[in-house]
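Reproduced below: model31.txt, with compact mmCIF, C-alpha atoms and all ligand atoms.
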# COMPACT_ATOMS: atom_id res chain seq x y z
CA MET A 18 163.52 74.54 134.32
CA ALA A 19 165.43 77.84 134.64
CA HIS A 20 168.58 75.85 135.31
CA ASP A 21 167.94 73.74 132.22
CA LEU A 22 167.43 76.87 130.09
CA ILE A 23 170.81 78.28 131.11
CA ALA A 24 172.51 74.92 130.55
CA ARG A 25 171.08 74.69 127.03
CA PHE A 26 172.08 78.32 126.32
CA ARG A 27 175.65 77.50 127.35
CA ARG A 28 175.59 74.61 124.86
CA HIS A 29 174.62 77.11 122.11
CA ASP A 30 171.04 75.93 121.84
CA ARG A 31 169.30 78.46 119.54
CA THR A 32 165.87 77.95 121.12
CA ALA A 33 167.30 78.72 124.56
CA LEU A 34 168.96 81.85 123.13
CA ALA A 35 165.68 83.03 121.58
CA ARG A 36 163.79 82.36 124.82
CA LEU A 37 166.33 84.25 126.96
CA VAL A 38 166.40 87.21 124.56
CA THR A 39 162.62 87.47 124.94
CA LEU A 40 162.83 87.34 128.74
CA VAL A 41 165.64 89.89 129.01
CA ALA A 42 164.01 92.27 126.49
CA ARG A 43 160.89 92.22 128.69
CA GLY A 44 162.94 92.99 131.77
CA GLU A 45 162.31 89.58 133.31
CA SER A 46 164.95 87.71 135.22
CA PHE A 47 165.75 84.79 137.51
CA PRO A 48 168.74 84.05 139.73
CA GLU A 49 170.57 81.63 137.38
CA LEU A 50 170.34 84.20 134.58
CA ASP A 51 171.62 87.01 136.81
CA ALA A 52 174.49 84.81 137.93
CA MET A 53 175.50 84.02 134.36
CA LEU A 54 175.26 87.66 133.25
CA ALA A 55 177.45 88.69 136.19
CA GLU A 56 180.27 86.52 134.85
CA ASP A 57 182.75 88.03 132.41
CA PRO A 58 181.45 87.27 128.91
CA ALA A 59 183.43 84.94 126.67
CA MET A 60 183.30 87.49 123.88
CA LYS A 61 183.22 91.26 123.70
CA PRO A 62 181.19 91.85 120.55
CA ARG A 63 181.63 94.89 118.37
CA VAL A 64 178.30 96.69 118.84
CA VAL A 65 177.27 98.85 115.89
CA ALA A 66 174.10 100.97 115.89
CA VAL A 67 172.67 101.95 112.51
CA THR A 68 170.48 105.03 112.75
CA GLY A 69 168.88 107.60 110.44
CA SER A 70 165.47 108.95 109.51
CA GLY A 71 162.61 106.83 108.20
CA GLY A 72 163.09 105.14 104.85
CA VAL A 73 166.76 106.05 104.51
CA GLY A 74 167.60 102.35 104.08
CA LYS A 75 168.60 101.16 107.56
CA SER A 76 167.02 97.69 107.30
CA SER A 77 168.31 97.21 103.75
CA LEU A 78 171.84 98.24 104.69
CA VAL A 79 171.84 96.10 107.83
CA GLY A 80 170.81 93.17 105.61
CA ARG A 81 173.74 93.78 103.28
CA LEU A 82 176.15 94.36 106.13
CA LEU A 83 175.27 91.13 107.91
CA GLU A 84 175.87 89.18 104.70
CA THR A 85 179.30 90.77 104.37
CA ILE A 86 180.08 90.03 108.00
CA ARG A 87 178.98 86.38 107.66
CA GLN A 88 181.05 86.00 104.49
CA ASP A 89 183.94 87.27 106.58
CA GLY A 90 183.31 84.28 108.86
CA LYS A 91 182.08 86.27 111.85
CA THR A 92 178.92 85.54 113.83
CA VAL A 93 176.40 88.36 114.07
CA ALA A 94 173.24 89.18 115.98
CA VAL A 95 170.82 91.82 114.68
CA LEU A 96 168.41 93.70 116.93
CA ALA A 97 165.83 96.01 115.40
CA CYS A 98 164.41 98.58 117.81
CA ASP A 99 161.88 99.82 115.31
CA PRO A 100 158.18 100.03 116.15
CA GLN A 101 157.13 100.87 112.59
CA SER A 102 158.61 98.00 110.67
CA PRO A 103 158.72 94.77 112.64
CA LEU A 104 161.57 92.83 111.23
CA SER A 105 161.99 89.23 110.32
CA GLY A 106 164.77 87.60 108.40
CA GLY A 107 162.53 87.99 105.37
CA ALA A 108 161.98 91.71 105.82
CA ILE A 109 165.62 92.53 106.33
CA LEU A 110 167.08 90.30 103.64
CA GLY A 111 164.28 90.52 101.09
CA ASP A 112 164.55 87.95 98.32
CA ARG A 113 168.05 87.03 99.36
CA PHE A 114 166.54 85.39 102.46
CA ARG A 115 165.70 82.33 100.42
CA MET A 116 169.32 81.69 99.47
CA GLY A 117 169.58 79.10 102.22
CA SER A 118 173.34 79.37 102.41
CA SER A 119 175.60 78.89 105.41
CA ILE A 120 175.24 82.63 105.98
CA TYR A 121 172.31 81.82 108.24
CA ASP A 122 174.31 79.72 110.65
CA GLY A 123 175.92 82.05 113.13
CA LEU A 124 173.21 84.64 112.55
CA PHE A 125 170.48 85.72 114.94
CA ILE A 126 167.84 88.31 114.00
CA ARG A 127 165.27 89.71 116.39
CA SER A 128 162.82 92.57 116.17
CA LEU A 129 162.19 94.12 119.54
CA ALA A 130 159.25 96.15 118.25
CA ALA A 131 156.56 94.10 119.97
CA VAL A 132 158.25 94.02 123.35
CA GLY A 133 157.07 96.75 125.67
CA GLY A 134 157.91 99.80 123.57
CA ARG A 135 161.21 101.24 122.49
CA GLY A 136 162.05 102.98 125.75
CA ALA A 137 161.67 99.72 127.60
CA VAL A 138 163.96 97.91 125.19
CA ALA A 139 166.56 100.62 125.63
CA ASP A 140 166.33 100.13 129.40
CA HIS A 141 167.16 96.45 129.05
CA LEU A 142 169.68 96.81 126.25
CA PRO A 143 172.84 96.53 128.36
CA ARG A 144 171.63 93.17 129.72
CA LEU A 145 170.57 92.08 126.25
CA LEU A 146 174.00 92.91 124.87
CA ARG A 147 175.64 91.04 127.71
CA LEU A 148 173.47 88.01 126.98
CA LEU A 149 174.55 88.08 123.32
CA ALA A 150 178.16 88.43 124.45
CA HIS A 151 177.77 85.32 126.60
CA TYR A 152 176.43 83.41 123.63
CA GLY A 153 179.61 84.42 121.81
CA PHE A 154 178.43 86.71 119.00
CA GLU A 155 181.33 88.62 117.48
CA VAL A 156 179.23 91.48 116.09
CA VAL A 157 175.89 92.96 117.17
CA LEU A 158 174.07 95.26 114.73
CA ILE A 159 171.23 97.40 116.10
CA GLU A 160 168.75 99.19 113.84
CA THR A 161 167.28 102.23 115.58
CA VAL A 162 164.78 104.88 114.47
CA GLY A 163 167.01 107.92 114.75
CA ALA A 164 164.79 109.99 117.04
CA GLY A 165 163.64 110.20 120.62
CA GLN A 166 165.10 109.36 124.00
CA GLY A 167 164.98 105.62 123.58
CA ASP A 168 167.12 106.03 120.52
CA VAL A 169 169.72 108.06 122.39
CA ALA A 170 169.94 105.28 124.97
CA VAL A 171 170.44 102.71 122.22
CA GLN A 172 173.19 104.80 120.68
CA GLN A 173 174.90 105.17 124.04
CA ALA A 174 174.96 101.42 124.45
CA ALA A 175 176.65 100.99 121.07
CA GLU A 176 180.35 101.16 120.47
CA VAL A 177 180.02 102.68 117.01
CA VAL A 178 177.10 104.72 115.66
CA VAL A 179 176.59 104.70 111.88
CA LEU A 180 174.29 107.50 110.69
CA LEU A 181 172.62 106.99 107.30
CA VAL A 182 171.59 109.91 105.12
CA GLN A 183 170.33 109.88 101.55
CA PRO A 184 171.16 111.92 98.45
CA GLU A 185 169.50 115.31 97.93
CA ALA A 186 168.32 115.28 101.50
CA GLY A 187 168.28 119.11 101.47
CA ASP A 188 166.55 120.52 104.54
CA GLU A 189 166.51 117.14 106.13
CA LEU A 190 170.29 117.09 106.00
CA GLN A 191 170.34 120.38 107.90
CA TRP A 192 168.06 118.81 110.46
CA GLU A 193 170.37 115.83 110.72
CA LYS A 194 173.31 118.15 111.33
CA ALA A 195 172.99 118.08 115.11
CA GLY A 196 172.82 114.31 115.01
CA ILE A 197 175.85 114.06 112.75
CA LEU A 198 177.91 116.22 115.03
CA GLU A 199 176.79 114.67 118.27
CA ILE A 200 176.50 110.99 117.76
CA ALA A 201 177.83 109.70 114.45
CA ASP A 202 181.14 107.86 114.39
CA VAL A 203 180.60 107.12 110.69
CA VAL A 204 178.22 108.79 108.21
CA VAL A 205 177.02 106.70 105.26
CA VAL A 206 175.36 108.32 102.28
CA ASN A 207 173.11 105.38 101.36
CA LYS A 208 171.25 105.03 98.05
CA GLY A 209 174.57 105.85 96.43
CA ASP A 210 173.10 104.45 93.20
CA LEU A 211 170.81 107.51 92.98
CA PRO A 212 171.83 110.85 91.45
CA GLY A 213 173.32 113.44 93.77
CA ALA A 214 175.07 111.01 96.11
CA GLU A 215 178.52 112.51 95.54
CA LYS A 216 177.19 116.02 96.19
CA THR A 217 175.65 114.87 99.48
CA VAL A 218 178.94 113.25 100.51
CA ALA A 219 180.65 116.61 99.91
CA GLN A 220 177.93 118.49 101.86
CA VAL A 221 178.25 116.19 104.87
CA ARG A 222 182.04 116.45 104.81
CA GLY A 223 181.63 120.23 104.73
CA MET A 224 179.44 120.20 107.81
CA LEU A 225 181.87 118.01 109.70
CA ASP A 226 184.82 120.23 108.75
CA LEU A 227 182.97 123.35 109.86
CA ALA A 228 182.36 121.85 113.26
CA HIS A 229 185.99 120.79 113.70
CA ALA A 230 184.60 117.50 114.89
CA SER A 231 186.92 114.59 115.50
CA PRO A 232 187.56 112.65 112.28
CA VAL A 233 184.34 111.05 111.14
CA ALA A 234 184.44 109.04 107.90
CA VAL A 235 181.82 109.86 105.28
CA LEU A 236 181.27 106.86 103.02
CA ARG A 237 179.00 106.26 100.04
CA ALA A 238 177.12 103.00 99.77
CA SER A 239 174.11 101.39 98.15
CA ALA A 240 172.04 98.80 99.94
CA LYS A 241 170.37 98.15 96.58
CA THR A 242 173.50 97.13 94.69
CA GLY A 243 175.72 96.27 97.66
CA GLU A 244 178.30 98.78 96.48
CA GLY A 245 180.39 100.30 99.29
CA VAL A 246 179.23 97.76 101.89
CA PRO A 247 182.51 95.77 102.12
CA GLU A 248 184.33 99.11 102.47
CA LEU A 249 181.97 100.08 105.31
CA TRP A 250 182.65 96.80 107.11
CA ARG A 251 186.40 97.26 106.66
CA HIS A 252 186.13 100.75 108.10
CA LEU A 253 184.08 99.56 111.09
CA GLN A 254 186.75 96.98 111.85
CA SER A 255 189.53 99.53 111.50
CA LEU A 256 188.08 101.70 114.28
CA SER A 257 190.29 100.68 117.12
CA PRO A 258 188.68 100.18 120.52
CA LYS A 259 191.22 102.70 121.85
CA VAL A 260 189.85 105.41 119.58
CA VAL A 261 186.22 104.43 119.95
CA PRO A 262 184.91 105.08 123.45
CA ASN A 263 183.72 101.75 124.74
CA ARG A 264 180.17 102.65 125.67
CA LEU A 265 179.14 99.02 125.95
CA ASN A 266 181.57 98.45 128.76
CA VAL A 267 180.51 101.64 130.52
CA SER A 268 176.88 100.48 130.66
CA LEU A 269 177.99 97.07 131.87
CA LEU A 270 180.09 98.77 134.52
CA PHE A 271 177.15 100.87 135.76
CA ASP A 272 174.93 97.79 135.79
CA ARG A 273 177.45 96.07 138.00
CA VAL A 274 177.53 99.03 140.40
CA ALA A 275 173.77 98.69 140.90
CA GLU A 276 173.96 94.93 141.32
CA GLU A 277 176.82 95.16 143.77
CA ALA A 278 175.12 97.84 145.87
CA ALA A 279 171.89 95.79 146.00
CA ARG A 280 173.81 92.65 146.99
CA ARG A 281 175.68 94.41 149.80
CA ALA A 282 172.59 96.18 151.13
CA ALA A 283 170.66 92.91 151.21
CA GLN A 284 173.57 91.20 152.96
CA LEU A 285 173.78 93.90 155.68
CA TRP A 286 170.03 93.79 156.18
CA SER A 287 170.03 90.01 156.57
CA GLN A 288 172.81 90.44 159.16
CA HIS A 289 170.54 92.88 161.06
CA ASP A 290 172.99 95.74 160.62
CA ALA A 291 171.65 98.53 162.86
CA ALA A 292 172.09 101.43 160.41
CA VAL A 293 170.52 99.58 157.49
CA CYS A 294 167.59 98.32 159.58
CA GLU A 295 166.90 101.84 160.81
CA ILE A 296 166.84 103.28 157.27
CA VAL A 297 164.56 100.49 156.06
CA ALA A 298 162.18 100.94 158.99
CA ASN A 299 162.04 104.73 158.50
CA TRP A 300 161.25 104.24 154.83
CA GLN A 301 158.64 101.55 155.49
CA GLU A 302 156.89 103.75 158.04
CA GLY A 303 156.90 106.77 155.74
CA ARG A 304 159.39 108.88 157.70
CA LEU A 305 161.95 108.77 154.91
CA ALA A 306 161.33 109.44 151.21
CA GLU A 307 162.57 106.75 148.84
CA SER A 308 165.30 108.94 147.31
CA ALA A 309 166.54 109.89 150.79
CA ALA A 310 166.51 106.22 151.80
CA VAL A 311 168.58 105.32 148.74
CA ASP A 312 171.10 108.06 149.55
CA ALA A 313 171.30 106.92 153.16
CA LEU A 314 171.82 103.29 152.12
CA LEU A 315 174.60 104.23 149.70
CA ASN A 316 176.28 106.25 152.46
CA THR A 317 175.98 103.32 154.83
CA LEU A 318 177.55 100.96 152.28
CA ARG A 319 180.46 103.36 151.96
CA SER A 320 181.09 103.14 155.69
CA HIS A 321 180.97 99.31 155.60
CA PRO A 322 183.86 98.56 153.22
CA GLU A 323 184.19 94.99 154.45
CA ALA A 324 180.59 94.00 153.68
N1 LIG B 1 167.72 103.05 95.19
C1 LIG B 1 167.93 102.60 96.41
N2 LIG B 1 166.88 102.32 97.22
C2 LIG B 1 167.13 101.85 98.47
C3 LIG B 1 168.45 101.67 98.94
N3 LIG B 1 168.40 101.22 100.22
C4 LIG B 1 167.09 101.12 100.53
N4 LIG B 1 166.32 101.51 99.48
C5 LIG B 1 164.84 101.54 99.43
O1 LIG B 1 164.37 102.50 100.36
C6 LIG B 1 163.18 102.04 100.99
C7 LIG B 1 163.32 102.00 102.51
O2 LIG B 1 164.31 101.04 102.85
P1 LIG B 1 164.40 100.42 104.32
O3 LIG B 1 165.62 99.59 104.36
O4 LIG B 1 163.12 99.80 104.74
O5 LIG B 1 164.63 101.76 105.16
P2 LIG B 1 164.60 101.94 106.75
O6 LIG B 1 165.49 103.10 107.05
O7 LIG B 1 164.90 100.67 107.44
O8 LIG B 1 163.09 102.35 106.96
P3 LIG B 1 162.31 102.43 108.37
O9 LIG B 1 162.72 101.25 109.19
O10 LIG B 1 160.87 102.41 107.97
O11 LIG B 1 162.73 103.74 108.98
C8 LIG B 1 162.88 100.67 100.38
O12 LIG B 1 161.97 100.83 99.33
C9 LIG B 1 164.23 100.23 99.86
O13 LIG B 1 164.12 99.34 98.78
C10 LIG B 1 169.55 101.97 98.05
O14 LIG B 1 170.73 101.85 98.37
N5 LIG B 1 169.21 102.45 96.82
MG MG B 2 163.76 99.57 108.91

Using structure tokens, write down the structure from this file.
Ligand SMILES: Nc1nc2c(ncn2[C@@H]2O[C@H](COP(=O)(O)OP(=O)(O)OP(=O)(O)O)[C@@H](O)[C@H]2O)c(=O)[nH]1
Ligand SMILES: [Mg+2]
Amino acid sequence: MAHDLIARFRRHDRTALARLVTLVARGESFPELDAMLAEDPAMKPRVVAVTGSGGVGKSSLVGRLLETIRQDGKTVAVLACDPQSPLSGGAILGDRFRMGSSIYDGLFIRSLAAVGGRGAVADHLPRLLRLLAHYGFEVVLIETVGAGQGDVAVQQAAEVVVLLVQPEAGDELQWEKAGILEIADVVVVNKGDLPGAEKTVAQVRGMLDLAHASPVAVLRASAKTGEGVPELWRHLQSLSPKVVPNRLNVSLLFDRVAEEAARRAAQLWSQHDAAVCEIVANWQEGRLAESAAVDALLNTLRSHPEA
């Protein structure tokens, strides 16, 4: 059954993909899945997080962006980590969803709202991204809510963070300032069809200049008219992986450290290694706190380089 699921996933079966996304987002696993995820993925997708306060137009812009990306011939997966507005193809694409064009081949959209809360999704995001990489998606877009710890984790897993703001944001823009300076790789003034957009672009540029931050593009776009969206996609592609810190790979790397340590500890234990057995026994019998046992095990692994 599990074996069959992986085999179908490898043959690009969409149902198998959907099933595995559900499992991984819930933090479930099985050995065949772990083995596949431990392999180097066929594709290293460009992972773009779209963040910003409520109602700024994240879903609408993601909808426009994925159309542009599909028209460019690239495959794209969309994850929405948004508890307030569960997302379906219909919600994100509005009326354009009924177009029925080839845009929808090579496109996967999933709302993670219903699955165990946002923090939980963030915990499993590195594995989720790796799963999508194994399927071969070229781009992954993530809609996040722009606040809270879960959101920070999502942004750290992304390669590029796009922060949306809207015209005449006033005080809100001040509030966003910290976010702009800390996390945004690109700022988009969305709702560029509304009055005041150009003024807001200038304000945001001013803030960025004041902070002497590394060059962050400030673009104007409208998810309503589609204006500025192709330019945004071109800009996202122009960000070279050398300039953009590859946060996706860092999370994958840390995941592998944990997996490798667990594998080696289990191996030593099954070989009745004296040091490992002693630590386990001390922990089981309550003489060693869990954190101390973990430290001791990591130290033991270090002294067993051949394991
Ligand atoms: N005029 C104008 N309205 C827009 C634009 N983009 C989005 N909107 C409208 O703004 C409202 C919110 O858009 P959403 O895309 O749902 O915003 P969101 O940031 O995903 O909202 P949450 O997920 O609830 O935080 C909707 O009524 C959209 O139609 C735009 O470029 N111009
Ligand atoms: Mg939304």

message: Counting all atoms listed in the file, I want the residues whose atoms come within 12 Å of (178.9, 112.6, 97.5) in the file frame, returned as an NGL selection string.
response: :A and (182-186 or 204-223 or 235-238)

Please define a box with edges along x, y and z of the file around all atoms of stretch 57-71 of chain A given in the file, extend it by 4 Å on each side, and return its centre and edge lengths in Å to one decimal, as lines of an AutoDock Vina configuration file.
center_x = 173.0
center_y = 96.9
center_z = 120.3
size_x = 28.8
size_y = 32.0
size_z = 32.2

message: Could you list, as a PyMOL selection string, all protein and nucleic acid residues with an atom at most 8 Å from ligand LIG 1 (chain B), counting only C-alpha atoms and all ligand atoms?
response: chain A and resi 68-79+99+101-102+109+160-162+207-211+238-243

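Ranking A:Leu249, A:His151, A:Glu84, A:Val41 by their shortest atom-to-atom distance to A:Leu181, with all atoms listed in the file included, puts A:Leu249 first.
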
For a cut-off of 8 Å around (166.9, 95.9, 117.9), file coordinates, pick out all residues using only C-alpha atoms and list them as a PDB file with C-alpha atoms, in the frame of the given file.
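Saved as selection-v6.pdb:
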ATOM      1  CA  VAL A  95     170.820  91.820 114.680  1.00  0.00           C
ATOM      2  CA  LEU A  96     168.410  93.700 116.930  1.00  0.00           C
ATOM      3  CA  ALA A  97     165.830  96.010 115.400  1.00  0.00           C
ATOM      4  CA  CYS A  98     164.410  98.580 117.810  1.00  0.00           C
ATOM      5  CA  ASP A  99     161.880  99.820 115.310  1.00  0.00           C
ATOM      6  CA  ARG A 127     165.270  89.710 116.390  1.00  0.00           C
ATOM      7  CA  SER A 128     162.820  92.570 116.170  1.00  0.00           C
ATOM      8  CA  LEU A 129     162.190  94.120 119.540  1.00  0.00           C
ATOM      9  CA  ALA A 130     159.250  96.150 118.250  1.00  0.00           C
ATOM     10  CA  LEU A 158     174.070  95.260 114.730  1.00  0.00           C
ATOM     11  CA  ILE A 159     171.230  97.400 116.100  1.00  0.00           C
ATOM     12  CA  GLU A 160     168.750  99.190 113.840  1.00  0.00           C
ATOM     13  CA  THR A 161     167.280 102.230 115.580  1.00  0.00           C
TER      14      THR A 161
END

message: Rounded to one decimal, what separation in Å do you get between atom CA of A:Leu314 and atom CA of A:Leu270?
response: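 Between atom CA of A:Leu314 and atom CA of A:Leu270 the gap is 20.0 Å.
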
- request: Using all atoms listed in the file, pick whichever of A:Leu253, A:Val67, A:Ile200, A:Ala310 has the shortest atom-to-atom distance to ligand MG 2 (chain B).
  value: A:Val67

Counting only C-alpha atoms, the residue of A:His141, A:Arg81, A:Arg147, A:His20 that sits nearest A:Val64: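 Of the candidates, the smallest distance to A:Val64 is held by A:Arg147.
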
message: Quick check, in Å to one decimal: how far apart do atom CA of A:Arg319 and atom CA of A:Val274 lie?
response: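 Separation of atom CA of A:Arg319 and atom CA of A:Val274: 12.7 Å.
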
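With atom CA of A:Glu155 on one side and atom CA of A:Lys61 on the other, the separation reads 7.0 Å.
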
- request: Tell me which protein, DNA and RNA residues are within 9 Å of stretch 277-279 of chain A, counting all atoms listed in the file, leaving out same-chain ones fewer than 5 positions away, and put them as a PyMOL selection string.
  value: chain A and resi 272+284+314-315+318

task: List the neighbours of A:Gly90 out to 12 Å using all atoms listed in the file; skip same-chain residues closer than 2 positions along the sequence, and give me the result as a list in words.
output: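 Those residues are Leu83, Glu84, Thr85, Ile86, Arg87, Gln88, Thr92, Val93, Ser119, Ile120, Tyr121, Asp122, Gly123, Leu124, Phe154, Glu155 and Val156 of chain A.
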
field: Residue contacts of A:Phe47 (12 Å, all atoms listed in the file) excluding same-chain residues fewer than 4 positions away, as a ChimeraX atom specification
entry: /A:18-20,22-23,37,40-41,51-54
